[in-house]
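Q: Supplied structure: start.tsv, TSV, C-alpha atoms and all ligand atoms.
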chain	number	residue	atom	x	y	z
C	18	MET	CA	23.29	-0.04	-7.78
C	19	GLY	CA	21.01	2.89	-6.99
C	20	ARG	CA	18.02	3.59	-4.83
C	21	ARG	CA	16.59	0.36	-3.48
C	22	PHE	CA	13.01	1.61	-3.84
C	23	ALA	CA	13.55	2.08	-7.58
C	24	GLU	CA	14.89	-1.45	-7.94
C	25	ILE	CA	11.76	-2.73	-6.23
C	26	SER	CA	9.15	-0.45	-7.77
C	27	PHE	CA	10.32	0.38	-11.26
C	28	THR	CA	8.87	-2.67	-12.96
C	29	ASP	CA	8.81	-2.95	-16.75
C	30	SER	CA	5.26	-1.64	-16.68
C	31	VAL	CA	6.29	1.36	-14.56
C	32	LYS	CA	9.24	2.06	-16.84
C	33	ALA	CA	6.90	1.89	-19.84
C	34	ALA	CA	4.67	4.49	-18.17
C	35	GLN	CA	7.71	6.71	-17.51
C	36	ILE	CA	8.66	6.47	-21.19
C	37	ARG	CA	5.08	7.13	-22.28
C	38	TYR	CA	4.87	10.30	-20.13
C	39	GLY	CA	8.43	11.50	-20.78
C	40	THR	CA	10.01	11.05	-17.32
C	41	ARG	CA	12.13	7.94	-17.91
C	42	LYS	CA	15.42	9.90	-18.17
C	43	ALA	CA	14.73	11.80	-14.95
C	44	ASN	CA	13.79	8.58	-13.14
C	45	GLU	CA	16.97	6.86	-14.26
C	46	GLY	CA	18.68	9.18	-11.77
C	47	PHE	CA	17.15	7.17	-8.90
C	48	GLU	CA	18.53	3.97	-10.36
C	49	SER	CA	22.10	5.26	-10.26
C	50	ALA	CA	21.99	7.41	-7.10
C	51	PRO	CA	24.83	6.47	-4.74
C	52	ASP	CA	22.62	6.71	-1.63
C	53	ARG	CA	20.88	3.30	-1.53
C	54	ARG	CA	18.33	4.22	1.15
C	55	ASP	CA	17.97	0.58	2.11
C	56	ALA	CA	18.25	1.15	5.87
C	57	LEU	CA	16.92	3.56	8.46
C	58	THR	CA	19.00	6.60	9.31
C	59	GLU	CA	18.67	8.84	12.38
C	60	ARG	CA	16.10	10.91	10.50
C	61	GLU	CA	13.77	7.96	9.86
C	62	ILE	CA	14.34	6.49	13.35
C	63	HIS	CA	13.34	9.79	14.99
C	64	PHE	CA	10.30	10.13	12.72
C	65	ILE	CA	9.11	6.57	13.39
C	66	ALA	CA	9.49	7.02	17.18
C	67	GLU	CA	6.97	9.89	17.09
C	68	ARG	CA	4.30	8.12	15.05
C	69	ASP	CA	1.18	6.65	16.70
C	70	SER	CA	-0.16	5.11	13.50
C	71	PHE	CA	0.72	4.00	10.01
C	72	TYR	CA	-0.81	2.21	7.05
C	73	MET	CA	0.42	-1.15	5.86
C	74	ALA	CA	-0.23	-2.68	2.45
C	75	SER	CA	0.05	-6.38	1.74
C	76	HIS	CA	-1.48	-8.43	-1.01
C	77	GLY	CA	-3.55	-11.55	-1.30
C	78	ILE	CA	-1.93	-14.80	-2.29
C	79	GLY	CA	-3.20	-18.22	-3.31
C	80	ALA	CA	-4.74	-19.96	-6.26
C	81	ASP	CA	-8.35	-18.96	-5.74
C	82	GLY	CA	-8.42	-16.18	-8.31
C	83	LEU	CA	-8.25	-13.49	-5.62
C	84	ALA	CA	-4.45	-13.47	-5.44
C	85	GLY	CA	-2.79	-10.15	-6.08
C	86	TRP	CA	-5.51	-7.85	-4.74
C	87	PRO	CA	-3.78	-5.09	-2.76
C	88	TYR	CA	-4.92	-4.69	0.84
C	89	VAL	CA	-4.28	-1.71	3.10
C	90	GLN	CA	-4.90	-1.63	6.83
C	91	HIS	CA	-4.46	1.10	9.42
C	92	ARG	CA	-2.30	0.28	12.43
C	93	GLY	CA	-2.43	2.41	15.54
C	94	GLY	CA	-1.02	2.44	19.05
C	95	TYR	CA	1.00	4.61	21.40
C	96	ALA	CA	3.65	6.95	19.93
C	97	GLY	CA	6.61	4.75	19.06
C	98	PHE	CA	4.61	1.50	18.97
C	99	LEU	CA	6.33	0.79	15.66
C	100	ARG	CA	9.61	-0.11	17.28
C	101	VAL	CA	13.01	0.22	15.62
C	102	LEU	CA	15.05	-2.84	16.57
C	103	HIS	CA	17.97	-1.78	14.41
C	104	ALA	CA	18.59	0.11	11.17
C	105	ARG	CA	17.10	-2.67	9.07
C	106	ARG	CA	14.47	-4.10	11.39
C	107	LEU	CA	11.17	-2.89	12.84
C	108	ALA	CA	8.54	-4.63	14.96
C	109	PHE	CA	5.02	-3.86	16.12
C	110	ALA	CA	2.41	-5.58	18.24
C	111	ASP	CA	-0.63	-6.94	16.41
C	112	TYR	CA	-3.50	-6.00	18.71
C	113	ARG	CA	-6.73	-7.98	18.85
C	114	GLY	CA	-9.13	-6.56	16.26
C	115	ASN	CA	-11.90	-7.96	14.10
C	116	ARG	CA	-10.11	-11.32	13.83
C	117	GLN	CA	-10.27	-11.48	10.06
C	118	TYR	CA	-6.45	-11.80	9.96
C	119	ILE	CA	-6.19	-10.48	6.43
C	120	SER	CA	-2.74	-8.87	6.81
C	121	THR	CA	-1.54	-11.86	8.83
C	122	GLY	CA	-2.73	-14.36	6.23
C	123	ASN	CA	-1.36	-12.27	3.41
C	124	VAL	CA	2.17	-11.99	4.78
C	125	MET	CA	2.24	-15.68	5.71
C	126	GLY	CA	2.05	-16.31	1.97
C	127	ASP	CA	4.02	-13.36	0.63
C	128	ASP	CA	6.14	-11.37	3.06
C	129	ARG	CA	6.36	-8.17	0.98
C	130	VAL	CA	4.66	-5.14	2.56
C	131	SER	CA	4.62	-1.38	2.09
C	132	LEU	CA	4.24	1.04	4.96
C	133	PHE	CA	3.09	4.62	4.83
C	134	LEU	CA	3.77	6.88	7.81
C	135	MET	CA	2.24	10.35	8.08
C	136	ASP	CA	3.06	13.43	10.11
C	137	TYR	CA	0.08	15.62	9.24
C	138	PRO	CA	1.02	18.72	11.27
C	139	LYS	CA	4.49	18.85	9.70
C	140	ARG	CA	3.22	17.60	6.34
C	141	GLN	CA	5.81	14.85	6.11
C	142	ARG	CA	5.39	11.29	4.88
C	143	LEU	CA	7.67	8.30	4.80
C	144	LYS	CA	7.42	5.15	2.69
C	145	ILE	CA	8.99	1.90	3.82
C	146	TRP	CA	9.23	-1.34	1.87
C	147	ALA	CA	9.82	-4.41	4.02
C	148	ARG	CA	9.55	-8.15	4.39
C	149	ALA	CA	7.21	-9.14	7.21
C	150	THR	CA	7.34	-12.12	9.54
C	151	VAL	CA	4.50	-13.05	11.87
C	152	VAL	CA	5.91	-13.77	15.33
C	153	ASN	CA	3.72	-15.62	17.87
C	154	PHE	CA	4.22	-15.56	21.65
C	155	ALA	CA	5.73	-19.05	21.62
C	156	ASP	CA	8.25	-18.00	18.94
C	157	ASP	CA	9.75	-15.07	20.84
C	158	PRO	CA	8.16	-14.23	24.21
C	159	ASP	CA	10.86	-11.65	24.98
C	160	LEU	CA	10.11	-9.67	21.83
C	161	LEU	CA	6.37	-9.74	22.50
C	162	ALA	CA	6.94	-8.64	26.11
C	163	SER	CA	9.17	-5.78	24.95
C	164	LEU	CA	6.37	-4.41	22.75
C	165	GLU	CA	3.88	-4.18	25.62
C	166	ASN	CA	3.01	-0.82	27.10
C	167	PRO	CA	1.10	-0.93	30.40
C	168	ASP	CA	-0.36	2.52	29.71
C	169	TYR	CA	-1.86	1.43	26.40
C	170	LYS	CA	-4.97	-0.70	26.71
C	171	ALA	CA	-4.86	-3.31	23.97
C	172	ARG	CA	-4.49	-7.06	23.84
C	173	ILE	CA	-1.45	-8.24	21.93
C	174	GLU	CA	-2.14	-11.33	19.84
C	175	ARG	CA	1.19	-11.57	18.03
C	176	ALA	CA	3.90	-9.35	16.54
C	177	PHE	CA	5.03	-8.43	13.08
C	178	VAL	CA	8.75	-8.13	12.47
C	179	LEU	CA	9.63	-6.09	9.40
C	180	ASP	CA	12.97	-6.39	7.63
C	181	VAL	CA	13.51	-3.10	5.85
C	182	GLU	CA	14.30	-3.24	2.14
C	183	ALA	CA	13.92	0.42	1.18
C	184	VAL	CA	12.90	3.82	2.52
C	185	ASP	CA	11.91	6.98	0.72
C	186	TRP	CA	10.42	10.32	1.68
C	187	ASN	CA	7.57	12.03	-0.13
C	188	CYS	CA	7.16	15.75	-0.65
C	189	PRO	CA	4.54	17.71	1.39
C	190	GLN	CA	2.34	18.38	-1.64
C	191	HIS	CA	-1.43	18.09	-1.03
C	192	ILE	CA	-1.08	17.15	2.65
C	193	THR	CA	-3.62	19.11	4.67
C	194	PRO	CA	-2.26	19.71	8.18
C	195	ARG	CA	-4.36	17.80	10.75
C	196	PHE	CA	-3.92	17.61	14.49
C	197	SER	CA	-4.70	14.88	16.98
C	198	GLU	CA	-6.70	15.60	20.13
C	199	PHE	CA	-3.45	15.39	22.11
C	200	GLU	CA	-1.76	17.93	19.81
C	201	VAL	CA	-4.73	20.31	19.92
C	202	ARG	CA	-4.76	20.12	23.73
C	203	ALA	CA	-1.07	21.08	23.84
C	204	MET	CA	-1.67	23.94	21.40
C	205	ILE	CA	-4.56	25.45	23.35
C	206	ALA	CA	-3.03	24.94	26.81
C	207	PRO	CA	-1.62	28.52	26.90
C	208	LEU	CA	-5.07	29.87	25.93
C	209	HIS	CA	-6.66	27.92	28.80
C	210	ALA	CA	-4.04	29.30	31.17
C	211	GLU	CA	-4.77	32.84	29.96
C	212	ILE	CA	-8.53	32.35	30.40
C	213	GLU	CA	-8.00	31.10	33.96
C	214	GLN	CA	-5.79	34.14	34.70
C	215	LEU	CA	-8.39	36.54	33.30
C	216	LYS	CA	-11.17	34.82	35.26
C	217	ALA	CA	-9.14	35.21	38.46
C	218	GLN	CA	-8.52	38.90	37.69
C	219	LEU	CA	-12.24	39.43	37.04
C	220	THR	CA	-13.18	37.73	40.31
C	221	MET	CA	-10.74	39.98	42.18
C	222	GLN	CA	-12.08	43.10	40.46
C	223	GLN	CA	-15.67	42.10	41.28
C	224	ALA	CA	-14.71	41.46	44.91
C	225	ASP	CA	-12.96	44.89	45.06
C	226	SER	CA	-15.92	46.76	43.54
C	227	SER	CA	-18.51	45.04	45.77
C	228	GLY	CA	-16.38	45.82	48.86
C	229	ALA	CA	-15.96	49.48	47.87
K	1	LIG	C1	-14.44	-5.14	17.48
K	1	LIG	C2	-13.57	-4.64	16.34
K	1	LIG	C3	-14.12	-4.52	15.09
K	1	LIG	C4	-13.35	-4.07	14.01
K	1	LIG	N1	-13.91	-3.98	12.78
K	1	LIG	C5	-13.16	-3.60	11.73
K	1	LIG	C6	-13.71	-3.54	10.42
K	1	LIG	O1	-14.88	-3.80	10.19
K	1	LIG	N2	-12.90	-3.18	9.40
K	1	LIG	C7	-11.58	-2.89	9.59
K	1	LIG	O2	-10.90	-2.57	8.62
K	1	LIG	N3	-11.03	-2.93	10.81
K	1	LIG	C8	-11.78	-3.28	11.88
K	1	LIG	N4	-11.22	-3.32	13.13
K	1	LIG	C9	-9.80	-3.01	13.31
K	1	LIG	C10	-8.98	-4.20	12.84
K	1	LIG	O3	-9.46	-5.38	13.39
K	1	LIG	C11	-7.53	-4.08	13.19
K	1	LIG	O4	-7.03	-2.90	12.64
K	1	LIG	C12	-6.73	-5.30	12.73
K	1	LIG	O5	-5.40	-4.98	12.74
K	1	LIG	C13	-7.15	-5.79	11.36
K	1	LIG	O6	-6.15	-6.47	10.67
K	1	LIG	P1	-6.45	-7.14	9.27
K	1	LIG	O7	-7.31	-6.17	8.48
K	1	LIG	O8	-5.12	-7.35	8.66
K	1	LIG	O9	-7.18	-8.42	9.51
K	1	LIG	C14	-11.99	-3.75	14.22
K	1	LIG	C15	-11.45	-3.87	15.50
K	1	LIG	C16	-12.22	-4.31	16.55
K	1	LIG	C17	-11.60	-4.43	17.92
Please lay out the structure from this file as structure tokens.
A:
Amino acid sequence: MGRRFAEISFTDSVKAAQIRYGTRKANEGFESAPDRRDALTEREIHFIAERDSFYMASHGIGADGLAGWPYVQHRGGYAGFLRVLHARRLAFADYRGNRQYISTGNVMGDDRVSLFLMDYPKRQRLKIWARATVVNFADDPDLLASLENPDYKARIERAFVLDVEAVDWNCPQHITPRFSEFEVRAMIAPLHAEIEQLKAQLTMQQADSSGA
């Protein structure tokens, strides 16, 4: 028993690549590490609560020759819209979009998904492997109601419940810091305050000099 993500991701093909490129021994360390990382800790819960978006990968299923194609979609909402229900379960509202229902259809056939969560300013990223269930209003109205946010204008069509299988953090390498409009506004607020103060001083000085 080791890291859950390694059990899931280190397929024979991946192990062959690790052998080919000389990292198999090093990667065996993940397979025997005592820390399973198969549930959310305080660190992940805090990180998830601050996120207003993430990416979710699923894959096509069926017998039409298209099965297996990976599919990634962006999910966005208010900060914390990806809700932690407990250390092994997450949920988010599926807002009305282009009504192609690709992720929905995919997970109805194969529940395995991968999530990628980014904090660009802090250059942190979190990977989550999970099993997804599509939850309609009739299935669990209380859950759907709990995911609503009156301040966030979006129409909820259904929810996704995600049962966490594994979590792992990535290093900050190659992440360019980026800032949302909200973050930029907070950063420049002191500058705005200073400009207003200087403007007021200037107005007073002009009034003094014209009165003199
Ligand atoms: C009017 C409208 C048009 C959209 N068009 C696209 C689109 O062309 N491509 C896309 O990836 N997302 C589009 N979106 C966003 C997606 O519909 C939304 O992210 C949804 O979750 C898609 O899920 P799915 O890709 O799993 O079907 C659109 C949203 C709206 C409201």
Q: Let me make sure I understand: among C:Gly114, C:Gly77, C:Gly82, C:Pro51, which one has the smallest atom-to-atom distance to ligand LIG 1 (chain K) if we use only C-alpha atoms and all ligand atoms?
A: C:Gly114
Q: Give the residues close to ligand LIG 1 (chain K), within 7 Å, counting all atoms listed in the file; write them as a list of chain:residue names.
A: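 Residues satisfying the distance criterion: C:Gln90, C:His91, C:Arg92, C:Asp111, C:Tyr112, C:Arg113, C:Gly114, C:Asn115, C:Arg116, C:Gln117, C:Tyr118, C:Ile119, C:Ser120, C:Thr121.
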Q: Counting all atoms listed in the file, which residues in segment 107-182 of chain C sit no more than 9 Å from segment 187-203 of chain C? For each one, give the nearest pair of atoms and the distance in Å, sorted by chain then residue number, as CSV.
A:
residue,atom,partner,partner_atom,distance
C:Asp136,CA,C:Pro194,CA,8.5
C:Tyr137,CA,C:Pro194,CA,4.8
C:Pro138,CA,C:Pro194,CA,4.6
C:Lys139,CA,C:Pro194,CA,7.0
C:Arg140,CA,C:Pro189,CA,5.1
C:Gln141,CA,C:Pro189,CA,5.7
C:Arg142,CA,C:Asn187,CA,5.5
C:Leu143,CA,C:Asn187,CA,6.2
C:Lys144,CA,C:Asn187,CA,7.4
Q: Would you mind exporting C-alpha atoms of the selected residues as a tab-separated table (two decimals), in the coordinates of the input?
A:
chain	number	residue	atom	x	y	z
C	136	ASP	CA	3.06	13.43	10.11
C	137	TYR	CA	0.08	15.62	9.24
C	138	PRO	CA	1.02	18.72	11.27
C	139	LYS	CA	4.49	18.85	9.70
C	140	ARG	CA	3.22	17.60	6.34
C	141	GLN	CA	5.81	14.85	6.11
C	142	ARG	CA	5.39	11.29	4.88
C	143	LEU	CA	7.67	8.30	4.80
C	144	LYS	CA	7.42	5.15	2.69
Q: Can you work out which one of C:Phe177, C:Tyr169, C:Phe22, C:Phe133 has the shortest atom-to-atom distance to Gly94 of chain C, counting only C-alpha atoms?
A: C:Tyr169
Q: Please measure the separation of atom CA of Ala183 of chain C and atom CA of Gly79 of chain C, giving the value in Å to one decimal.
A: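 Spanning atom CA of Ala183 of chain C to atom CA of Gly79 of chain C is a straight-line distance of 25.7 Å.
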Q: Closest to Pro87 of chain C among C:Val184, C:Ala50, C:Ala147, C:Ala74, using all atoms listed in the file?
A: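 Under the stated criterion, the closest residue is C:Ala74.
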Q: So which one's closest to Leu164 of chain C, C:Arg20, C:Arg37, C:Arg100, C:Arg60? Using all atoms listed in the file, please.
A: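 Among the listed residues, C:Arg100 lies closest to Leu164 of chain C.
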Q: Using all atoms listed in the file, find each residue in segment 103-131 of chain C having at least one atom no more than 10 Å away from segment 148-160 of chain C; report its shortest atom-to-atom pair and that distance in Å (one decimal), rows by chain then rising number, as a Markdown table.
A:
| residue | atom | partner | partner_atom | distance |
| --- | --- | --- | --- | --- |
| C:Arg106 | CA | C:Arg148 | CA | 9.5 |
| C:Leu107 | CA | C:Ala149 | CA | 9.3 |
| C:Ala108 | CA | C:Leu160 | CA | 8.7 |
| C:Phe109 | CA | C:Leu160 | CA | 9.6 |
| C:Ala110 | CA | C:Val152 | CA | 9.4 |
| C:Asp111 | CA | C:Val151 | CA | 9.2 |
| C:Ser120 | CA | C:Val151 | CA | 9.8 |
| C:Thr121 | CA | C:Val151 | CA | 6.9 |
| C:Gly122 | CA | C:Val151 | CA | 9.3 |
| C:Asn123 | CA | C:Ala149 | CA | 9.9 |
| C:Val124 | CA | C:Ala149 | CA | 6.3 |
| C:Met125 | CA | C:Val151 | CA | 7.1 |
| C:Asp127 | CA | C:Ala149 | CA | 8.4 |
| C:Asp128 | CA | C:Ala149 | CA | 4.8 |
| C:Arg129 | CA | C:Arg148 | CA | 4.7 |
| C:Val130 | CA | C:Arg148 | CA | 6.0 |
| C:Ser131 | CA | C:Arg148 | CA | 8.7 |
Q: Any idea what's packed within 12 Å of Asp55 of chain C, counting all atoms listed in the file, ignoring anything in its chain fewer than 2 positions away? Could you give it as a ChimeraX atom specification?
A: /C:18-25,51-53,57-58,61,104-106,144-147,180-185
Q: Could you state the separation of atom CA of Ala66 of chain C and atom CA of Tyr95 of chain C in Å, given to one decimal place?
A: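 Straight-line distance from atom CA of Ala66 of chain C to atom CA of Tyr95 of chain C works out to 9.8 Å.
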